[in-house]
$ cat model08.pdb   # PDB, C-alpha atoms
ATOM      1  CA  MET I 731      17.375  12.989 -20.241
ATOM      2  CA  ALA I 732      15.397  13.064 -17.027
ATOM      3  CA  LYS I 733      13.407  15.842 -15.469
ATOM      4  CA  ALA I 734      12.471  15.991 -11.799
ATOM      5  CA  LEU I 735       8.818  15.056 -11.334
ATOM      6  CA  PHE I 736       8.763  15.976  -7.632
ATOM      7  CA  HIS I 737      10.410  18.737  -5.630
ATOM      8  CA  LYS I 738      12.047  19.108  -2.242
ATOM      9  CA  SER I 739       9.604  19.275   0.703
ATOM     10  CA  GLN I 740       6.783  17.793  -1.400
ATOM     11  CA  ARG I 741       4.609  15.243   0.392
ATOM     12  CA  VAL I 742       4.389  11.968  -1.537
ATOM     13  CA  PHE I 743       3.115   8.474  -0.979
ATOM     14  CA  VAL I 744       5.967   5.945  -1.140
ATOM     15  CA  LYS I 745       4.436   2.798  -2.671
ATOM     16  CA  PRO I 746       7.117   0.230  -1.684
ATOM     17  CA  VAL I 747       6.945   1.324   1.949
ATOM     18  CA  GLY I 748       3.213   2.075   2.037
ATOM     19  CA  THR I 749       3.477   5.391   3.853
ATOM     20  CA  TRP I 750       3.470   9.137   3.279
ATOM     21  CA  ALA I 751       6.808  10.944   3.386
ATOM     22  CA  VAL I 752       8.315  14.305   2.538
ATOM     23  CA  ILE I 753      11.034  14.477  -0.092
ATOM     24  CA  GLU I 754      14.172  15.589   1.704
ATOM     25  CA  THR I 755      16.530  15.679  -1.267
ATOM     26  CA  VAL I 756      16.184  15.508  -5.034
ATOM     27  CA  VAL I 757      19.167  13.440  -6.222
ATOM     28  CA  PRO I 758      20.163  13.989  -9.868
ATOM     29  CA  HIS I 759      22.496  11.405 -11.437
ATOM     30  CA  TRP I 760      24.860  13.263 -13.769
ATOM     31  CA  VAL I 761      26.951  12.027 -16.674
ATOM     32  CA  LYS I 762      30.109  13.801 -17.778
ATOM     33  CA  ASP I 763      29.673  16.321 -20.626
ATOM     34  CA  VAL I 764      25.856  16.171 -20.492
ATOM     35  CA  ASP I 765      23.829  19.245 -19.563
ATOM     36  CA  GLU I 766      20.907  17.390 -17.965
ATOM     37  CA  PRO I 767      20.883  14.542 -15.437
ATOM     38  CA  LEU I 768      20.586  11.006 -16.751
ATOM     39  CA  ARG I 769      18.009  10.147 -14.092
ATOM     40  CA  VAL I 770      16.568  11.686 -10.959
ATOM     41  CA  SER I 771      15.845   9.888  -7.696
ATOM     42  CA  TYR I 772      14.384  11.112  -4.429
ATOM     43  CA  ASP I 773      15.530  10.753  -0.812
ATOM     44  CA  CYS I 774      12.532  10.660   1.522
ATOM     45  CA  GLY I 775      14.463   9.820   4.690
ATOM     46  CA  LEU I 776      13.301   6.203   4.657
ATOM     47  CA  GLY I 777      16.679   4.508   4.328
ATOM     48  CA  ARG I 778      17.132   4.506   0.551
ATOM     49  CA  VAL I 779      16.472   6.670  -2.484
ATOM     50  CA  PHE I 780      13.344   6.070  -4.561
ATOM     51  CA  GLN I 781      12.658   6.387  -8.267
ATOM     52  CA  ALA I 782       9.767   8.494  -9.573
ATOM     53  CA  HIS I 783       7.633   5.431 -10.419
ATOM     54  CA  GLU I 784       7.718   4.442  -6.733
ATOM     55  CA  LEU I 785       6.201   7.755  -5.592
ATOM     56  CA  VAL I 786       2.729   9.248  -5.952
ATOM     57  CA  SER I 787       1.974  12.927  -5.373
ATOM     58  CA  GLU I 788      -0.915  14.024  -3.182
ATOM     59  CA  GLN I 789      -2.666  15.672  -6.122
ATOM     60  CA  SER I 790      -2.664  12.547  -8.265
ATOM     61  CA  MET I 791      -3.593  10.424  -5.229
ATOM     62  CA  HIS I 792      -6.742  12.468  -4.654
ATOM     63  CA  SER I 793      -7.683  12.483  -8.286
ATOM     64  CA  GLN I 794      -7.223   8.702  -8.280
ATOM     65  CA  PHE I 795      -9.547   8.375  -5.299
ATOM     66  CA  ARG I 796     -12.311   9.997  -7.356
ATOM     67  CA  VAL I 797     -11.937   7.989 -10.566
ATOM     68  CA  ASP I 798     -14.328   5.847 -12.538
ATOM     69  CA  ASP I 799     -14.680   2.197 -11.628
ATOM     70  CA  GLU I 800     -12.812   1.150 -14.786
ATOM     71  CA  ASP I 801      -9.643   2.968 -13.693
ATOM     72  CA  GLU I 802      -7.214   1.208 -11.390
ATOM     73  CA  ASP I 803      -6.540   2.868  -8.054
ATOM     74  CA  LEU I 804      -2.838   3.599  -7.441
ATOM     75  CA  MET I 805      -3.050   2.355  -3.873
ATOM     76  CA  LEU I 806      -4.596  -1.004  -4.708
ATOM     77  CA  GLU I 807      -2.166  -3.733  -5.455
ATOM     78  CA  HIS I 808      -2.333  -7.458  -6.030
ATOM     79  CA  TRP I 809      -0.824  -9.190  -3.013
ATOM     80  CA  HIS I 810      -0.303 -12.926  -2.701
ATOM     81  CA  ILE I 811       0.773 -15.513  -0.150
ATOM     82  CA  ASP I 812       4.179 -17.129  -0.552
ATOM     83  CA  ARG I 813       5.193 -20.083   1.573
ATOM     84  CA  ARG I 814       8.674 -20.020   3.078
ATOM     85  CA  ALA I 815      10.567 -22.911   4.644
ATOM     86  CA  ILE I 816      10.632 -23.043   8.419
ATOM     87  CA  LYS I 817      14.274 -22.848   9.431
ATOM     88  CA  TRP I 818      13.871 -22.430  13.167
ATOM     89  CA  ARG I 819      12.603 -25.914  14.055
ATOM     90  CA  PRO I 820      13.129 -29.448  12.772
ATOM     91  CA  VAL I 821      10.499 -31.149  10.577
ATOM     92  CA  GLU I 822       9.939 -33.924  13.112
ATOM     93  CA  TYR I 823       8.640 -31.286  15.575
ATOM     94  CA  GLY I 824       5.279 -31.495  13.823
ATOM     95  CA  ALA I 825       3.268 -28.997  11.836
ATOM     96  CA  ALA I 826      -0.177 -27.626  12.513
ATOM     97  CA  ASN I 827      -0.711 -26.021   9.107
ATOM     98  CA  ALA I 828      -1.726 -27.406   5.732
ATOM     99  CA  SER I 829       1.825 -27.165   4.347
ATOM    100  CA  PRO I 830       4.194 -28.860   6.788
ATOM    101  CA  SER I 831       7.536 -27.144   7.358
ATOM    102  CA  THR I 832       6.406 -23.856   5.768
ATOM    103  CA  PHE I 833       4.861 -20.608   6.990
ATOM    104  CA  PRO I 834       2.958 -17.864   5.125
ATOM    105  CA  VAL I 835       4.552 -14.621   3.927
ATOM    106  CA  VAL I 836       2.383 -11.983   2.266
ATOM    107  CA  ALA I 837       4.266 -10.546  -0.726
ATOM    108  CA  THR I 838       3.245  -6.937  -1.351
ATOM    109  CA  ASP I 839       5.533  -6.163  -4.289
ATOM    110  CA  GLU I 840       6.278  -7.658  -7.682
ATOM    111  CA  THR I 841       9.545  -9.281  -6.598
ATOM    112  CA  GLY I 842       8.054 -10.985  -3.542
ATOM    113  CA  THR I 843      10.864  -9.736  -1.316
ATOM    114  CA  SER I 844       8.906  -7.321   0.840
ATOM    115  CA  GLY I 845       5.676  -7.645   2.710
ATOM    116  CA  TRP I 846       4.272  -9.127   5.904
ATOM    117  CA  ARG I 847       5.854 -11.947   7.877
ATOM    118  CA  VAL I 848       6.006 -13.096  11.472
ATOM    119  CA  SER I 849       8.720 -14.339  13.780
ATOM    120  CA  GLY I 850       9.156 -18.057  14.328
ATOM    121  CA  THR I 851       8.063 -17.956  17.954
ATOM    122  CA  GLU I 852       4.854 -16.132  17.061
ATOM    123  CA  TYR I 853       4.047 -18.637  14.318
ATOM    124  CA  ASP I 854       4.733 -21.594  16.625
ATOM    125  CA  ARG I 855       2.466 -20.114  19.301
ATOM    126  CA  ASP I 856      -0.638 -20.012  17.075
ATOM    127  CA  PRO I 857      -0.176 -21.198  13.456
ATOM    128  CA  ALA I 858      -3.922 -21.186  12.687
ATOM    129  CA  ARG I 859      -4.176 -17.511  13.682
ATOM    130  CA  ILE I 860      -1.171 -16.551  11.526
ATOM    131  CA  GLU I 861      -2.567 -18.459   8.529
ATOM    132  CA  HIS I 862      -5.895 -16.618   9.006
ATOM    133  CA  GLN I 863      -4.138 -13.235   9.226
ATOM    134  CA  ALA I 864      -2.219 -13.950   6.026
ATOM    135  CA  ARG I 865      -5.454 -14.699   4.148
ATOM    136  CA  MET I 866      -7.061 -11.518   5.526
ATOM    137  CA  ILE I 867      -4.100  -9.337   4.556
ATOM    138  CA  VAL I 868      -3.965 -10.738   1.020
ATOM    139  CA  HIS I 869      -7.601  -9.765   0.416
ATOM    140  CA  THR I 870      -7.315  -6.267   1.947
ATOM    141  CA  PRO I 871      -6.745  -4.480  -1.408
ATOM    142  CA  ASP I 872      -9.896  -6.107  -2.816
ATOM    143  CA  LEU I 873     -11.910  -5.128   0.265
ATOM    144  CA  MET I 874     -10.604  -1.563  -0.001
ATOM    145  CA  GLN I 875     -11.819  -1.382  -3.585
ATOM    146  CA  ILE I 876     -15.252  -2.643  -2.515
ATOM    147  CA  ALA I 877     -15.388  -0.087   0.332
ATOM    148  CA  ARG I 878     -14.424   2.674  -2.104
ATOM    149  CA  ARG I 879     -17.176   1.677  -4.535
ATOM    150  CA  VAL I 880     -19.798   1.548  -1.765
ATOM    151  CA  ALA I 881     -18.733   4.977  -0.463
ATOM    152  CA  GLU I 882     -18.734   6.488  -3.965
ATOM    153  CA  PHE I 883     -22.160   5.011  -4.752
ATOM    154  CA  ALA I 884     -23.584   6.456  -1.534
ATOM    155  CA  LEU I 885     -22.063   9.846  -2.299
ATOM    156  CA  ASN I 886     -23.344   9.932  -5.884
ATOM    157  CA  ASN I 887     -26.766   8.348  -5.189
ATOM    158  CA  PRO I 888     -27.868   9.321  -1.664
ATOM    159  CA  ASN I 889     -31.586   8.830  -2.424
ATOM    160  CA  ASP I 890     -31.131   5.392  -4.022
ATOM    161  CA  LEU I 891     -29.378   3.870  -1.022
ATOM    162  CA  PRO I 892     -31.554   1.741   1.299
ATOM    163  CA  ALA I 893     -31.709   2.970   4.905
ATOM    164  CA  GLU I 894     -30.103  -0.259   6.135
ATOM    165  CA  LEU I 895     -27.007   0.387   3.991
ATOM    166  CA  LYS I 896     -26.457   4.036   4.958
ATOM    167  CA  PRO I 897     -24.443   3.184   8.110
ATOM    168  CA  VAL I 898     -22.404   0.696   6.063
ATOM    169  CA  ALA I 899     -21.654   3.332   3.415
ATOM    170  CA  GLN I 900     -20.730   5.880   6.101
ATOM    171  CA  HIS I 901     -18.384   3.355   7.691
ATOM    172  CA  CYS I 902     -16.820   2.610   4.287
ATOM    173  CA  ALA I 903     -16.278   6.348   3.707
ATOM    174  CA  ALA I 904     -14.691   6.698   7.164
ATOM    175  CA  ILE I 905     -12.336   3.806   6.414
ATOM    176  CA  MET I 906     -11.350   5.352   3.083
ATOM    177  CA  ARG I 907     -10.714   8.743   4.730
ATOM    178  CA  HIS I 908      -8.566   7.098   7.381
ATOM    179  CA  VAL I 909      -6.533   5.014   4.931
ATOM    180  CA  TYR I 910      -6.012   7.853   2.468
ATOM    181  CA  ARG I 911      -5.790  10.450   5.273
ATOM    182  CA  LEU I 912      -8.219  12.795   3.546
ATOM    183  CA  GLU I 913      -9.458  14.267   6.839
ATOM    184  CA  ASP I 914      -5.993  15.653   7.592
ATOM    185  CA  GLU I 915      -5.858  17.484   4.299
ATOM    186  CA  ALA I 916      -9.412  18.803   4.627
ATOM    187  CA  ALA I 917      -8.474  20.278   8.005
ATOM    188  CA  VAL I 918      -5.329  21.863   6.540
ATOM    189  CA  ALA I 919      -7.306  23.281   3.590
ATOM    190  CA  ALA I 920      -9.865  24.794   5.986
ATOM    191  CA  GLU I 921      -7.164  26.696   7.880
TER     192      GLU I 921
END

$ encode --input "model08.pdb" --output "structure tokens"
Amino acid sequence: MAKALFHKSQRVFVKPVGTWAVIETVVPHWVKDVDEPLRVSYDCGLGRVFQAHELVSEQSMHSQFRVDDEDEDLMLEHWHIDRRAIKWRPVEYGAANASPSTFPVVATDETGTSGWRVSGTEYDRDPARIEHQARMIVHTPDLMQIARRVAEFALNNPNDLPAELKPVAQHCAAIMRHVYRLEDEAAVAAE
């Protein structure tokens, strides 16, 4: 039987959507003649209900931000570029990219159905720019992990950091605070 891992009005990070949300409703799925729900899902007001494995609580998110390098960060994922067929123009129109008659789509989940894509008119306007953006987006999780490691090293070893790298480490820490929204919570905790 399932137990609720989150509660109503709890702030959680919704991994498939990539945003913070507040749980509006805890939805138990009951079976006749059973005292406990078979499973529990959560409505966060984002258009569908989510399972517990798709949500991360604030407490575990912050403990994950301060983990050892060997541990995997919950927010970092392995994204990849899929190529999709161009349906909005004929092949004889010509192609400016390396794979004629296709365009890049960045898959941000295991199924490859959600992620980043562009409209046909935007791709036709500047295919080289869209290809470049796709490559940048795919490597963002890796760059975030590097920024986290630089910020953690600077925090743990302030005297060992060369003076030239201190502004870089401060910028990495600012990026991490912005992405994980740690400044907002520090301000709330101070009140």

$ axis_aligned_box --input "model08.pdb" --around "range 881-891 of chain I" --padding-each-side "6 Å" --output "AutoDock Vina command-line options"
--center_x -25.2 --center_y 6.9 --center_z -3.2 --size_x 24.9 --size_y 18.1 --size_z 17.4

$ atom_distance --input "model08.pdb" --atom1 "CA of Asp765 in chain I" --atom2 "CA of Leu785 in chain I"
25.3 Å

$ atom_distance --input "model08.pdb" --atom1 "CA of Ala837 in chain I" --atom2 "CA of Ile860 in chain I"
14.7 Å

$ residues_around --input "model08.pdb" --residues "Val747 in chain I" --least-positions-apart "2" --cutoff "12 Å" --atoms "only C-alpha atoms" --output "ChimeraX atom specification"
/I:742-745,749-751,774-780,784-786,805,838-839,844-846

$ atom_distance --input "model08.pdb" --atom1 "CA of Val898 in chain I" --atom2 "CA of Met874 in chain I"
13.5 Å

$ resolve_selection --input "model08.pdb" --expression "the PyMOL selection byres ((chain I and resi 815) around 8)" --output "list in words"
Arg813, Arg814, Ile816, Lys817, Ser831, Thr832 and Phe833 of chain I

$ resolve_selection --input "model08.pdb" --expression "the PyMOL selection byres ((chain I and resi 905) around 12)" --output "PyMOL selection string"
chain I and resi 873-878+880-881+898-904+906-913

$ resolve_selection --input "model08.pdb" --expression "the PyMOL selection byres ((chain I and resi 869) around 12)" --output "tab-separated table (two decimals) with C-alpha atoms, in the coordinates of the input"
chain	number	residue	atom	x	y	z
I	806	LEU	CA	-4.60	-1.00	-4.71
I	807	GLU	CA	-2.17	-3.73	-5.46
I	808	HIS	CA	-2.33	-7.46	-6.03
I	809	TRP	CA	-0.82	-9.19	-3.01
I	810	HIS	CA	-0.30	-12.93	-2.70
I	811	ILE	CA	0.77	-15.51	-0.15
I	836	VAL	CA	2.38	-11.98	2.27
I	837	ALA	CA	4.27	-10.55	-0.73
I	838	THR	CA	3.24	-6.94	-1.35
I	862	HIS	CA	-5.90	-16.62	9.01
I	863	GLN	CA	-4.14	-13.24	9.23
I	864	ALA	CA	-2.22	-13.95	6.03
I	865	ARG	CA	-5.45	-14.70	4.15
I	866	MET	CA	-7.06	-11.52	5.53
I	867	ILE	CA	-4.10	-9.34	4.56
I	868	VAL	CA	-3.96	-10.74	1.02
I	870	THR	CA	-7.32	-6.27	1.95
I	871	PRO	CA	-6.74	-4.48	-1.41
I	872	ASP	CA	-9.90	-6.11	-2.82
I	873	LEU	CA	-11.91	-5.13	0.26
I	874	MET	CA	-10.60	-1.56	0.00
I	875	GLN	CA	-11.82	-1.38	-3.58
I	876	ILE	CA	-15.25	-2.64	-2.52
